[in-house]
$ cat upload.cif   # mmCIF, N, CA and C atoms and all ligand atoms
data_protein
#
loop_
_atom_site.group_PDB
_atom_site.id
_atom_site.type_symbol
_atom_site.label_atom_id
_atom_site.label_comp_id
_atom_site.auth_asym_id
_atom_site.auth_seq_id
_atom_site.Cartn_x
_atom_site.Cartn_y
_atom_site.Cartn_z
ATOM 1 N N MET A 14 6.650 -14.456 -31.757
ATOM 2 C CA MET A 14 7.603 -14.557 -32.847
ATOM 3 C C MET A 14 8.854 -13.736 -32.551
ATOM 4 N N PHE A 15 8.663 -12.511 -32.076
ATOM 5 C CA PHE A 15 9.800 -11.680 -31.705
ATOM 6 C C PHE A 15 9.811 -11.534 -30.190
ATOM 7 N N LYS A 16 10.985 -11.326 -29.618
ATOM 8 C CA LYS A 16 11.025 -11.060 -28.192
ATOM 9 C C LYS A 16 12.171 -10.106 -27.879
ATOM 10 N N GLN A 17 11.963 -9.356 -26.835
ATOM 11 C CA GLN A 17 12.990 -8.443 -26.367
ATOM 12 C C GLN A 17 14.001 -9.269 -25.591
ATOM 13 N N LEU A 18 15.275 -9.132 -25.913
ATOM 14 C CA LEU A 18 16.277 -9.962 -25.255
ATOM 15 C C LEU A 18 16.324 -9.684 -23.764
ATOM 16 N N ARG A 19 16.265 -8.444 -23.395
ATOM 17 C CA ARG A 19 16.253 -8.108 -21.973
ATOM 18 C C ARG A 19 15.774 -6.670 -21.810
ATOM 19 N N LEU A 20 15.176 -6.416 -20.672
ATOM 20 C CA LEU A 20 14.743 -5.061 -20.357
ATOM 21 C C LEU A 20 15.788 -4.506 -19.404
ATOM 22 N N ASP A 21 16.832 -3.922 -19.965
ATOM 23 C CA ASP A 21 17.965 -3.529 -19.140
ATOM 24 C C ASP A 21 18.222 -2.029 -19.104
ATOM 25 N N SER A 22 17.319 -1.267 -19.692
ATOM 26 C CA SER A 22 17.519 0.169 -19.684
ATOM 27 C C SER A 22 17.338 0.713 -18.270
ATOM 28 N N PRO A 23 18.215 1.613 -17.838
ATOM 29 C CA PRO A 23 18.035 2.208 -16.511
ATOM 30 C C PRO A 23 16.765 3.048 -16.433
ATOM 31 N N LEU A 24 16.309 3.546 -17.549
ATOM 32 C CA LEU A 24 15.073 4.321 -17.606
ATOM 33 C C LEU A 24 14.175 3.726 -18.689
ATOM 34 N N PRO A 25 13.443 2.652 -18.363
ATOM 35 C CA PRO A 25 12.559 2.075 -19.373
ATOM 36 C C PRO A 25 11.515 3.081 -19.832
ATOM 37 N N ILE A 26 11.105 2.936 -21.057
ATOM 38 C CA ILE A 26 10.125 3.837 -21.660
ATOM 39 C C ILE A 26 8.740 3.202 -21.569
ATOM 40 N N ASN A 27 7.770 3.990 -21.101
ATOM 41 C CA ASN A 27 6.378 3.541 -21.039
ATOM 42 C C ASN A 27 5.610 4.193 -22.170
ATOM 43 N N LEU A 28 4.888 3.382 -22.931
ATOM 44 C CA LEU A 28 4.061 3.915 -24.006
ATOM 45 C C LEU A 28 2.825 3.048 -24.148
ATOM 46 N N THR A 29 1.886 3.499 -24.954
ATOM 47 C CA THR A 29 0.697 2.686 -25.213
ATOM 48 C C THR A 29 0.618 2.393 -26.696
ATOM 49 N N ILE A 30 0.261 1.156 -26.983
ATOM 50 C CA ILE A 30 0.021 0.731 -28.360
ATOM 51 C C ILE A 30 -1.406 0.220 -28.398
ATOM 52 N N ASN A 31 -2.244 0.907 -29.151
ATOM 53 C CA ASN A 31 -3.683 0.591 -29.200
ATOM 54 C C ASN A 31 -4.257 0.486 -27.784
ATOM 55 N N ASN A 32 -3.956 1.478 -26.978
ATOM 56 C CA ASN A 32 -4.454 1.602 -25.595
ATOM 57 C C ASN A 32 -3.936 0.523 -24.660
ATOM 58 N N ARG A 33 -2.917 -0.230 -25.067
ATOM 59 C CA ARG A 33 -2.303 -1.234 -24.198
ATOM 60 C C ARG A 33 -0.956 -0.684 -23.721
ATOM 61 N N SER A 34 -0.777 -0.597 -22.419
ATOM 62 C CA SER A 34 0.468 -0.056 -21.875
ATOM 63 C C SER A 34 1.576 -1.095 -21.981
ATOM 64 N N ILE A 35 2.734 -0.634 -22.456
ATOM 65 C CA ILE A 35 3.892 -1.518 -22.534
ATOM 66 C C ILE A 35 5.119 -0.766 -22.032
ATOM 67 N N GLN A 36 6.163 -1.525 -21.755
ATOM 68 C CA GLN A 36 7.423 -0.947 -21.297
ATOM 69 C C GLN A 36 8.539 -1.529 -22.159
ATOM 70 N N VAL A 37 9.385 -0.666 -22.693
ATOM 71 C CA VAL A 37 10.472 -1.109 -23.564
ATOM 72 C C VAL A 37 11.751 -0.357 -23.203
ATOM 73 N N ASN A 38 12.855 -0.811 -23.788
ATOM 74 C CA ASN A 38 14.141 -0.145 -23.583
ATOM 75 C C ASN A 38 14.225 1.156 -24.364
ATOM 76 N N GLN A 39 14.990 2.082 -23.853
ATOM 77 C CA GLN A 39 15.306 3.295 -24.599
ATOM 78 C C GLN A 39 16.029 2.905 -25.880
ATOM 79 N N GLY A 40 15.884 3.716 -26.916
ATOM 80 C CA GLY A 40 16.622 3.476 -28.147
ATOM 81 C C GLY A 40 15.963 2.500 -29.090
ATOM 82 N N MET A 41 14.811 1.984 -28.705
ATOM 83 C CA MET A 41 14.093 1.039 -29.555
ATOM 84 C C MET A 41 13.167 1.818 -30.491
ATOM 85 N N THR A 42 12.949 1.303 -31.683
ATOM 86 C CA THR A 42 11.986 1.949 -32.567
ATOM 87 C C THR A 42 10.569 1.485 -32.223
ATOM 88 N N VAL A 43 9.609 2.268 -32.669
ATOM 89 C CA VAL A 43 8.201 1.902 -32.451
ATOM 90 C C VAL A 43 7.907 0.576 -33.146
ATOM 91 N N ALA A 44 8.444 0.366 -34.340
ATOM 92 C CA ALA A 44 8.197 -0.886 -35.059
ATOM 93 C C ALA A 44 8.701 -2.088 -34.260
ATOM 94 N N ALA A 45 9.878 -1.966 -33.694
ATOM 95 C CA ALA A 45 10.414 -3.064 -32.883
ATOM 96 C C ALA A 45 9.536 -3.295 -31.659
ATOM 97 N N ALA A 46 9.095 -2.229 -31.028
ATOM 98 C CA ALA A 46 8.229 -2.361 -29.851
ATOM 99 C C ALA A 46 6.920 -3.052 -30.222
ATOM 100 N N VAL A 47 6.372 -2.685 -31.360
ATOM 101 C CA VAL A 47 5.117 -3.296 -31.826
ATOM 102 C C VAL A 47 5.313 -4.798 -32.039
ATOM 103 N N LEU A 48 6.381 -5.152 -32.721
ATOM 104 C CA LEU A 48 6.599 -6.563 -33.055
ATOM 105 C C LEU A 48 6.882 -7.416 -31.824
ATOM 106 N N ILE A 49 7.675 -6.919 -30.898
ATOM 107 C CA ILE A 49 7.979 -7.756 -29.731
ATOM 108 C C ILE A 49 6.805 -7.842 -28.777
ATOM 109 N N HIS A 50 5.841 -6.955 -28.921
ATOM 110 C CA HIS A 50 4.664 -7.036 -28.063
ATOM 111 C C HIS A 50 3.479 -7.684 -28.767
ATOM 112 N N GLY A 51 3.745 -8.383 -29.839
ATOM 113 C CA GLY A 51 2.773 -9.287 -30.425
ATOM 114 C C GLY A 51 1.754 -8.702 -31.367
ATOM 115 N N LEU A 52 1.889 -7.428 -31.701
ATOM 116 C CA LEU A 52 0.959 -6.871 -32.680
ATOM 117 C C LEU A 52 1.396 -7.383 -34.051
ATOM 118 N N SER A 53 0.498 -7.974 -34.806
ATOM 119 C CA SER A 53 0.896 -8.610 -36.063
ATOM 120 C C SER A 53 0.869 -7.661 -37.254
ATOM 121 N N TYR A 54 0.293 -6.475 -37.097
ATOM 122 C CA TYR A 54 0.296 -5.530 -38.210
ATOM 123 C C TYR A 54 0.280 -4.107 -37.676
ATOM 124 N N THR A 55 0.672 -3.164 -38.549
ATOM 125 C CA THR A 55 0.753 -1.761 -38.148
ATOM 126 C C THR A 55 -0.245 -0.886 -38.881
ATOM 127 N N ARG A 56 -0.732 -1.357 -40.026
ATOM 128 C CA ARG A 56 -1.693 -0.564 -40.791
ATOM 129 C C ARG A 56 -2.536 -1.489 -41.636
ATOM 130 N N THR A 57 -3.657 -0.930 -42.168
ATOM 131 C CA THR A 57 -4.438 -1.637 -43.181
ATOM 132 C C THR A 57 -4.369 -0.814 -44.451
ATOM 133 N N THR A 58 -4.489 -1.489 -45.587
ATOM 134 C CA THR A 58 -4.391 -0.778 -46.866
ATOM 135 C C THR A 58 -5.669 0.012 -47.143
ATOM 136 N N ALA A 59 -5.525 1.036 -47.962
ATOM 137 C CA ALA A 59 -6.641 1.950 -48.240
ATOM 138 C C ALA A 59 -7.730 1.304 -49.091
ATOM 139 N N ILE A 60 -7.369 0.455 -50.020
ATOM 140 C CA ILE A 60 -8.344 -0.101 -50.967
ATOM 141 C C ILE A 60 -8.976 -1.383 -50.417
ATOM 142 N N SER A 61 -8.152 -2.372 -50.103
ATOM 143 C CA SER A 61 -8.701 -3.682 -49.729
ATOM 144 C C SER A 61 -8.790 -3.905 -48.224
ATOM 145 N N GLY A 62 -8.140 -3.056 -47.457
ATOM 146 C CA GLY A 62 -8.180 -3.221 -46.002
ATOM 147 C C GLY A 62 -7.312 -4.351 -45.488
ATOM 148 N N VAL A 63 -6.380 -4.813 -46.319
ATOM 149 C CA VAL A 63 -5.484 -5.903 -45.927
ATOM 150 C C VAL A 63 -4.496 -5.405 -44.862
ATOM 151 N N ASN A 64 -4.176 -6.261 -43.919
ATOM 152 C CA ASN A 64 -3.209 -5.918 -42.875
ATOM 153 C C ASN A 64 -1.796 -5.897 -43.444
ATOM 154 N N ARG A 65 -1.018 -4.910 -43.038
ATOM 155 C CA ARG A 65 0.382 -4.812 -43.462
ATOM 156 C C ARG A 65 1.244 -4.655 -42.210
ATOM 157 N N ALA A 66 2.476 -5.125 -42.299
ATOM 158 C CA ALA A 66 3.393 -5.098 -41.154
ATOM 159 C C ALA A 66 4.754 -4.573 -41.591
ATOM 160 N N PRO A 67 5.578 -4.139 -40.652
ATOM 161 C CA PRO A 67 6.921 -3.666 -41.017
ATOM 162 C C PRO A 67 7.667 -4.724 -41.820
ATOM 163 N N PHE A 68 8.388 -4.258 -42.830
ATOM 164 C CA PHE A 68 9.111 -5.181 -43.704
ATOM 165 C C PHE A 68 10.598 -4.867 -43.748
ATOM 166 N N CYS A 69 10.951 -3.672 -44.201
ATOM 167 C CA CYS A 69 12.376 -3.368 -44.395
ATOM 168 C C CYS A 69 13.063 -2.939 -43.102
ATOM 169 N N MET A 70 12.319 -2.344 -42.207
ATOM 170 C CA MET A 70 12.849 -1.839 -40.929
ATOM 171 C C MET A 70 13.930 -0.777 -41.117
ATOM 172 N N MET A 71 13.918 -0.102 -42.272
ATOM 173 C CA MET A 71 14.912 0.957 -42.480
ATOM 174 C C MET A 71 14.347 2.143 -43.260
ATOM 175 N N GLY A 72 13.027 2.315 -43.259
ATOM 176 C CA GLY A 72 12.433 3.519 -43.808
ATOM 177 C C GLY A 72 12.189 3.545 -45.286
ATOM 178 N N VAL A 73 12.268 2.422 -45.970
ATOM 179 C CA VAL A 73 12.140 2.401 -47.415
ATOM 180 C C VAL A 73 10.753 1.962 -47.900
ATOM 181 N N CYS A 74 10.160 0.966 -47.296
ATOM 182 C CA CYS A 74 8.946 0.344 -47.857
ATOM 183 C C CYS A 74 7.634 1.023 -47.446
ATOM 184 N N PHE A 75 7.616 1.759 -46.397
ATOM 185 C CA PHE A 75 6.418 2.443 -45.890
ATOM 186 C C PHE A 75 5.307 1.479 -45.467
ATOM 187 N N GLU A 76 5.641 0.248 -45.186
ATOM 188 C CA GLU A 76 4.633 -0.714 -44.718
ATOM 189 C C GLU A 76 4.308 -0.520 -43.238
ATOM 190 N N CYS A 77 5.105 0.247 -42.543
ATOM 191 C CA CYS A 77 4.973 0.363 -41.089
ATOM 192 C C CYS A 77 4.245 1.637 -40.665
ATOM 193 N N LEU A 78 3.508 2.276 -41.565
ATOM 194 C CA LEU A 78 2.847 3.534 -41.212
ATOM 195 C C LEU A 78 1.892 3.337 -40.041
ATOM 196 N N MET A 79 1.973 4.224 -39.076
ATOM 197 C CA MET A 79 1.118 4.172 -37.889
ATOM 198 C C MET A 79 0.720 5.592 -37.500
ATOM 199 N N VAL A 80 -0.247 5.670 -36.611
ATOM 200 C CA VAL A 80 -0.621 6.954 -36.018
ATOM 201 C C VAL A 80 0.156 7.068 -34.711
ATOM 202 N N ILE A 81 1.060 8.025 -34.647
ATOM 203 C CA ILE A 81 1.916 8.184 -33.477
ATOM 204 C C ILE A 81 1.658 9.561 -32.877
ATOM 205 N N ASN A 82 1.234 9.568 -31.652
ATOM 206 C CA ASN A 82 0.861 10.815 -30.962
ATOM 207 C C ASN A 82 -0.121 11.641 -31.791
ATOM 208 N N GLY A 83 -1.075 10.949 -32.389
ATOM 209 C CA GLY A 83 -2.119 11.623 -33.156
ATOM 210 C C GLY A 83 -1.728 12.000 -34.574
ATOM 211 N N GLN A 84 -0.498 11.764 -34.972
ATOM 212 C CA GLN A 84 -0.011 12.114 -36.311
ATOM 213 C C GLN A 84 -0.038 10.873 -37.204
ATOM 214 N N PRO A 85 -0.874 10.853 -38.244
ATOM 215 C CA PRO A 85 -0.915 9.690 -39.130
ATOM 216 C C PRO A 85 0.305 9.632 -40.043
ATOM 217 N N ASN A 86 0.465 8.491 -40.700
ATOM 218 C CA ASN A 86 1.495 8.289 -41.732
ATOM 219 C C ASN A 86 2.915 8.411 -41.197
ATOM 220 N N GLN A 87 3.133 7.997 -39.968
ATOM 221 C CA GLN A 87 4.480 8.022 -39.383
ATOM 222 C C GLN A 87 5.120 6.650 -39.572
ATOM 223 N N ARG A 88 6.354 6.616 -40.052
ATOM 224 C CA ARG A 88 7.044 5.338 -40.220
ATOM 225 C C ARG A 88 7.520 4.864 -38.846
ATOM 226 N N ALA A 89 6.936 3.775 -38.404
ATOM 227 C CA ALA A 89 7.249 3.254 -37.071
ATOM 228 C C ALA A 89 8.695 2.786 -36.972
ATOM 229 N N CYS A 90 9.268 2.351 -38.099
ATOM 230 C CA CYS A 90 10.644 1.852 -38.046
ATOM 231 C C CYS A 90 11.667 2.985 -37.961
ATOM 232 N N CYS A 91 11.243 4.206 -38.212
ATOM 233 C CA CYS A 91 12.143 5.361 -38.169
ATOM 234 C C CYS A 91 11.839 6.270 -36.984
ATOM 235 N N THR A 92 10.996 5.813 -36.077
ATOM 236 C CA THR A 92 10.593 6.627 -34.937
ATOM 237 C C THR A 92 11.008 5.927 -33.659
ATOM 238 N N TYR A 93 11.803 6.595 -32.861
ATOM 239 C CA TYR A 93 12.232 6.009 -31.588
ATOM 240 C C TYR A 93 11.155 6.203 -30.530
ATOM 241 N N VAL A 94 11.031 5.236 -29.648
ATOM 242 C CA VAL A 94 10.030 5.318 -28.581
ATOM 243 C C VAL A 94 10.367 6.490 -27.654
ATOM 244 N N GLU A 95 9.314 7.095 -27.144
ATOM 245 C CA GLU A 95 9.461 8.193 -26.191
ATOM 246 C C GLU A 95 8.474 7.980 -25.059
ATOM 247 N N GLU A 96 8.815 8.470 -23.887
ATOM 248 C CA GLU A 96 7.955 8.327 -22.717
ATOM 249 C C GLU A 96 6.567 8.911 -23.004
ATOM 250 N N GLY A 97 5.544 8.143 -22.682
ATOM 251 C CA GLY A 97 4.168 8.607 -22.833
ATOM 252 C C GLY A 97 3.624 8.583 -24.248
ATOM 253 N N MET A 98 4.389 8.062 -25.173
ATOM 254 C CA MET A 98 3.974 8.029 -26.575
ATOM 255 C C MET A 98 2.699 7.194 -26.732
ATOM 256 N N GLN A 99 1.818 7.645 -27.641
ATOM 257 C CA GLN A 99 0.593 6.901 -27.935
ATOM 258 C C GLN A 99 0.630 6.467 -29.387
ATOM 259 N N VAL A 100 0.560 5.174 -29.588
ATOM 260 C CA VAL A 100 0.698 4.588 -30.919
ATOM 261 C C VAL A 100 -0.573 3.810 -31.251
ATOM 262 N N GLU A 101 -1.046 3.984 -32.478
ATOM 263 C CA GLU A 101 -2.255 3.260 -32.915
ATOM 264 C C GLU A 101 -2.045 2.695 -34.312
ATOM 265 N N ILE A 102 -2.718 1.584 -34.575
ATOM 266 C CA ILE A 102 -2.733 1.023 -35.922
ATOM 267 C C ILE A 102 -3.399 2.034 -36.846
ATOM 268 N N GLN A 103 -2.828 2.220 -38.032
ATOM 269 C CA GLN A 103 -3.422 3.139 -39.003
ATOM 270 C C GLN A 103 -4.407 2.373 -39.875
ATOM 271 N N GLN A 104 -5.633 2.846 -39.896
ATOM 272 C CA GLN A 104 -6.689 2.194 -40.688
ATOM 273 C C GLN A 104 -6.831 2.897 -42.027
ATOM 274 N N GLY A 105 -6.376 2.268 -43.102
ATOM 275 C CA GLY A 105 -6.513 2.822 -44.446
ATOM 276 C C GLY A 105 -5.679 4.076 -44.640
ATOM 277 N N ALA A 106 -6.048 4.842 -45.675
ATOM 278 C CA ALA A 106 -5.325 6.078 -45.979
ATOM 279 C C ALA A 106 -5.785 7.175 -45.042
ATOM 280 N N MET A 107 -4.851 7.926 -44.560
ATOM 281 C CA MET A 107 -5.182 9.040 -43.680
ATOM 282 C C MET A 107 -4.495 10.284 -44.216
ATOM 283 N N ALA A 108 -5.185 11.383 -44.163
ATOM 284 C CA ALA A 108 -4.624 12.645 -44.652
ATOM 285 C C ALA A 108 -3.557 13.131 -43.690
ATOM 286 N N TYR A 109 -2.558 13.791 -44.246
ATOM 287 C CA TYR A 109 -1.550 14.421 -43.410
ATOM 288 C C TYR A 109 -2.175 15.610 -42.689
ATOM 289 N N PRO A 110 -1.816 15.854 -41.450
ATOM 290 C CA PRO A 110 -2.318 17.045 -40.780
ATOM 291 C C PRO A 110 -1.817 18.295 -41.508
ATOM 292 N N ARG A 111 -2.591 19.360 -41.447
ATOM 293 C CA ARG A 111 -2.225 20.610 -42.129
ATOM 294 C C ARG A 111 -0.839 21.086 -41.721
ATOM 295 N N SER A 112 -0.433 20.810 -40.496
ATOM 296 C CA SER A 112 0.878 21.278 -40.034
ATOM 297 C C SER A 112 2.031 20.611 -40.772
ATOM 298 N N GLN A 113 1.796 19.465 -41.442
ATOM 299 C CA GLN A 113 2.860 18.765 -42.155
ATOM 300 C C GLN A 113 2.836 19.027 -43.650
ATOM 301 N N LEU A 114 1.896 19.833 -44.111
ATOM 302 C CA LEU A 114 1.818 20.101 -45.549
ATOM 303 C C LEU A 114 2.681 21.272 -45.927
HETATM 304 S S1 LIG B 201 9.384 -1.094 -42.262
HETATM 305 FE FE1 LIG B 201 9.819 -0.315 -44.232
HETATM 306 S S2 LIG B 201 9.568 1.820 -43.992
HETATM 307 FE FE2 LIG B 201 9.238 1.035 -42.011
#

$ encode --input "upload.cif" --output "C-alpha cells"
Amino acid sequence: MFKQLRLDSPLPINLTINNRSIQVNQGMTVAAAVLIHGLSYTRTTAISGVNRAPFCMMGVCFECLMVINGQPNQRACCTYVEEGMQVEIQQGAMAYPRSQL
C-alpha cells in the first residue's frame, strides 16, 4: 500500500521492526518506516485487542504507540529512525517505565 520513493540517503539507517531488519532513509519517522515495510498495525487495544495503525501522522491521535528501544507508549509518528533502533508492536496497555514517571 505504501512504498518508499527511493533509498537515496548517503547513510541509510538500519533498524529492526519485530525482529525483521530493514533499511530506510535518514529523517524518516518510525511510523513511515513501519507502513512502507508492510506492517499493517502498530499496537493492539487494551480491552478488545483490536489492531490499530497510525492515523494522523502528527502526534495527535496516539494510534501509533509502539515499543521503541524497550520503551513502551512511544508515538511512532513523532520518533525519527535511528541506527540500530529496535521497534516492536505494542500489545495492549503497557505501563510507563519508572524513568518516565
Ligand atoms: S499517528 Fe496519530 S499520534 Fe501518531

$ axis_aligned_box --input "upload.cif" --around "ligand LIG 201 (chain B)" --padding-each-side "6 Å" --output "AutoDock Vina command-line options"
--center_x 9.5 --center_y 0.4 --center_z -43.1 --size_x 12.6 --size_y 14.9 --size_z 14.2

$ residues_near_ligand --input "upload.cif" --ligand "ligand LIG 201 (chain B)" --cutoff "7 Å" --atoms "all atoms listed in the file" --output "list of chain:residue names"
A:Ala66, A:Pro67, A:Phe68, A:Cys69, A:Met70, A:Met71, A:Gly72, A:Val73, A:Cys74, A:Phe75, A:Glu76, A:Cys77, A:Leu78, A:Arg88, A:Ala89, A:Cys90, A:Cys91

$ write_last_selection --input "upload.cif" --atoms "N, CA and C atoms" --output "JSON list (two decimals), in the frame of the given file"
[["chain", "number", "residue", "atom", "x", "y", "z"],
["A", 66, "ALA", "N", 2.48, -5.12, -42.30],
["A", 66, "ALA", "CA", 3.39, -5.10, -41.15],
["A", 66, "ALA", "C", 4.75, -4.57, -41.59],
["A", 67, "PRO", "N", 5.58, -4.14, -40.65],
["A", 67, "PRO", "CA", 6.92, -3.67, -41.02],
["A", 67, "PRO", "C", 7.67, -4.72, -41.82],
["A", 68, "PHE", "N", 8.39, -4.26, -42.83],
["A", 68, "PHE", "CA", 9.11, -5.18, -43.70],
["A", 68, "PHE", "C", 10.60, -4.87, -43.75],
["A", 69, "CYS", "N", 10.95, -3.67, -44.20],
["A", 69, "CYS", "CA", 12.38, -3.37, -44.40],
["A", 69, "CYS", "C", 13.06, -2.94, -43.10],
["A", 70, "MET", "N", 12.32, -2.34, -42.21],
["A", 70, "MET", "CA", 12.85, -1.84, -40.93],
["A", 70, "MET", "C", 13.93, -0.78, -41.12],
["A", 71, "MET", "N", 13.92, -0.10, -42.27],
["A", 71, "MET", "CA", 14.91, 0.96, -42.48],
["A", 71, "MET", "C", 14.35, 2.14, -43.26],
["A", 72, "GLY", "N", 13.03, 2.32, -43.26],
["A", 72, "GLY", "CA", 12.43, 3.52, -43.81],
["A", 72, "GLY", "C", 12.19, 3.54, -45.29],
["A", 73, "VAL", "N", 12.27, 2.42, -45.97],
["A", 73, "VAL", "CA", 12.14, 2.40, -47.42],
["A", 73, "VAL", "C", 10.75, 1.96, -47.90],
["A", 74, "CYS", "N", 10.16, 0.97, -47.30],
["A", 74, "CYS", "CA", 8.95, 0.34, -47.86],
["A", 74, "CYS", "C", 7.63, 1.02, -47.45],
["A", 75, "PHE", "N", 7.62, 1.76, -46.40],
["A", 75, "PHE", "CA", 6.42, 2.44, -45.89],
["A", 75, "PHE", "C", 5.31, 1.48, -45.47],
["A", 76, "GLU", "N", 5.64, 0.25, -45.19],
["A", 76, "GLU", "CA", 4.63, -0.71, -44.72],
["A", 76, "GLU", "C", 4.31, -0.52, -43.24],
["A", 77, "CYS", "N", 5.11, 0.25, -42.54],
["A", 77, "CYS", "CA", 4.97, 0.36, -41.09],
["A", 77, "CYS", "C", 4.24, 1.64, -40.66],
["A", 78, "LEU", "N", 3.51, 2.28, -41.56],
["A", 78, "LEU", "CA", 2.85, 3.53, -41.21],
["A", 78, "LEU", "C", 1.89, 3.34, -40.04],
["A", 88, "ARG", "N", 6.35, 6.62, -40.05],
["A", 88, "ARG", "CA", 7.04, 5.34, -40.22],
["A", 88, "ARG", "C", 7.52, 4.86, -38.85],
["A", 89, "ALA", "N", 6.94, 3.78, -38.40],
["A", 89, "ALA", "CA", 7.25, 3.25, -37.07],
["A", 89, "ALA", "C", 8.70, 2.79, -36.97],
["A", 90, "CYS", "N", 9.27, 2.35, -38.10],
["A", 90, "CYS", "CA", 10.64, 1.85, -38.05],
["A", 90, "CYS", "C", 11.67, 2.98, -37.96],
["A", 91, "CYS", "N", 11.24, 4.21, -38.21],
["A", 91, "CYS", "CA", 12.14, 5.36, -38.17],
["A", 91, "CYS", "C", 11.84, 6.27, -36.98]]

$ atom_distance --input "upload.cif" --atom1 "atom N of A:Met98" --atom2 "atom N of A:Ala59"
25.8 Å

$ closest_residue --input "upload.cif" --among "A:Gln39, A:Lys16, A:Thr29, A:Gly105" --to "A:Ser61" --atoms "all atoms listed in the file"
A:Gly105

$ closest_residue --input "upload.cif" --among "A:Tyr109, A:Val94, A:Gln84, A:Ile102" --to "A:Pro25" --atoms "only C-alpha atoms"
A:Val94

$ residues_around --input "upload.cif" --residues "A:Phe15" --least-positions-apart "5" --cutoff "9 Å" --atoms "only C-alpha atoms" --output "short mmCIF file (atom, residue, chain, number, x, y, z; two decimals) with N, CA and C atoms, in the frame of the given file"
data_model
loop_
_atom_site.label_atom_id
_atom_site.label_comp_id
_atom_site.auth_asym_id
_atom_site.auth_seq_id
_atom_site.Cartn_x
_atom_site.Cartn_y
_atom_site.Cartn_z
N ALA A 45 9.88 -1.97 -33.69
CA ALA A 45 10.41 -3.06 -32.88
C ALA A 45 9.54 -3.30 -31.66
N LEU A 48 6.38 -5.15 -32.72
CA LEU A 48 6.60 -6.56 -33.06
C LEU A 48 6.88 -7.42 -31.82
N ILE A 49 7.68 -6.92 -30.90
CA ILE A 49 7.98 -7.76 -29.73
C ILE A 49 6.80 -7.84 -28.78
N HIS A 50 5.84 -6.96 -28.92
CA HIS A 50 4.66 -7.04 -28.06
C HIS A 50 3.48 -7.68 -28.77
N GLY A 51 3.74 -8.38 -29.84
CA GLY A 51 2.77 -9.29 -30.42
C GLY A 51 1.75 -8.70 -31.37
#

$ select_by_dssp --input "upload.cif" --residues "stretch 44-111 of chain A" --states "helix (DSSP H, G or I)" --output "ChimeraX atom specification"
/A:44-49,89-91,111

$ atom_distance --input "upload.cif" --atom1 "atom C of A:Asn38" --atom2 "atom C of A:Val100"
16.5 Å

$ closest_residue --input "upload.cif" --among "A:Gln104, A:Ser22, A:Thr57, A:Asn82" --to "A:Met41" --atoms "only C-alpha atoms"
A:Ser22

$ residues_around --input "upload.cif" --residues "A:Tyr54" --least-positions-apart "2" --cutoff "5 Å" --atoms "all atoms listed in the file" --output "mmCIF file with N, CA and C atoms, in the coordinates of the input"
data_model
loop_
_atom_site.group_PDB
_atom_site.id
_atom_site.type_symbol
_atom_site.label_atom_id
_atom_site.label_comp_id
_atom_site.auth_asym_id
_atom_site.auth_seq_id
_atom_site.Cartn_x
_atom_site.Cartn_y
_atom_site.Cartn_z
ATOM 1 N N LEU A 52 1.889 -7.428 -31.701
ATOM 2 C CA LEU A 52 0.959 -6.871 -32.680
ATOM 3 C C LEU A 52 1.396 -7.383 -34.051
ATOM 4 N N ARG A 56 -0.732 -1.357 -40.026
ATOM 5 C CA ARG A 56 -1.693 -0.564 -40.791
ATOM 6 C C ARG A 56 -2.536 -1.489 -41.636
ATOM 7 N N ARG A 65 -1.018 -4.910 -43.038
ATOM 8 C CA ARG A 65 0.382 -4.812 -43.462
ATOM 9 C C ARG A 65 1.244 -4.655 -42.210
ATOM 10 N N ALA A 66 2.476 -5.125 -42.299
ATOM 11 C CA ALA A 66 3.393 -5.098 -41.154
ATOM 12 C C ALA A 66 4.754 -4.573 -41.591
#

$ select_by_dssp --input "upload.cif" --residues "stretch 14-106 of chain A" --states "strand (DSSP E)" --output "list in words"
Ile26, Asn27, Leu28, Thr29, Ile30, Arg33, Ser34, Ile35, Gln36, Val37, Arg56, Thr57, Asn64, Arg65, Leu78, Met79, Val80, Ile81, Gln84, Pro85, Asn86, Gln87, Arg88, Gln99, Val100, Glu101, Ile102, Gln103 and Gln104 of chain A

$ atom_distance --input "upload.cif" --atom1 "atom CA of A:Met107" --atom2 "atom CA of A:Ile60"
12.1 Å

$ closest_residue --input "upload.cif" --among "A:Arg19, A:Gln103, A:Ile81, A:Met14" --to "A:Val37" --atoms "only N, CA and C atoms"
A:Arg19

$ resolve_selection --input "upload.cif" --expression "the PyMOL selection byres (((chain A and resi 97 and name CA) around 6) and not hetatm and name CA)" --output "MDAnalysis selection string"
chainID A and resid 27:28 96 98
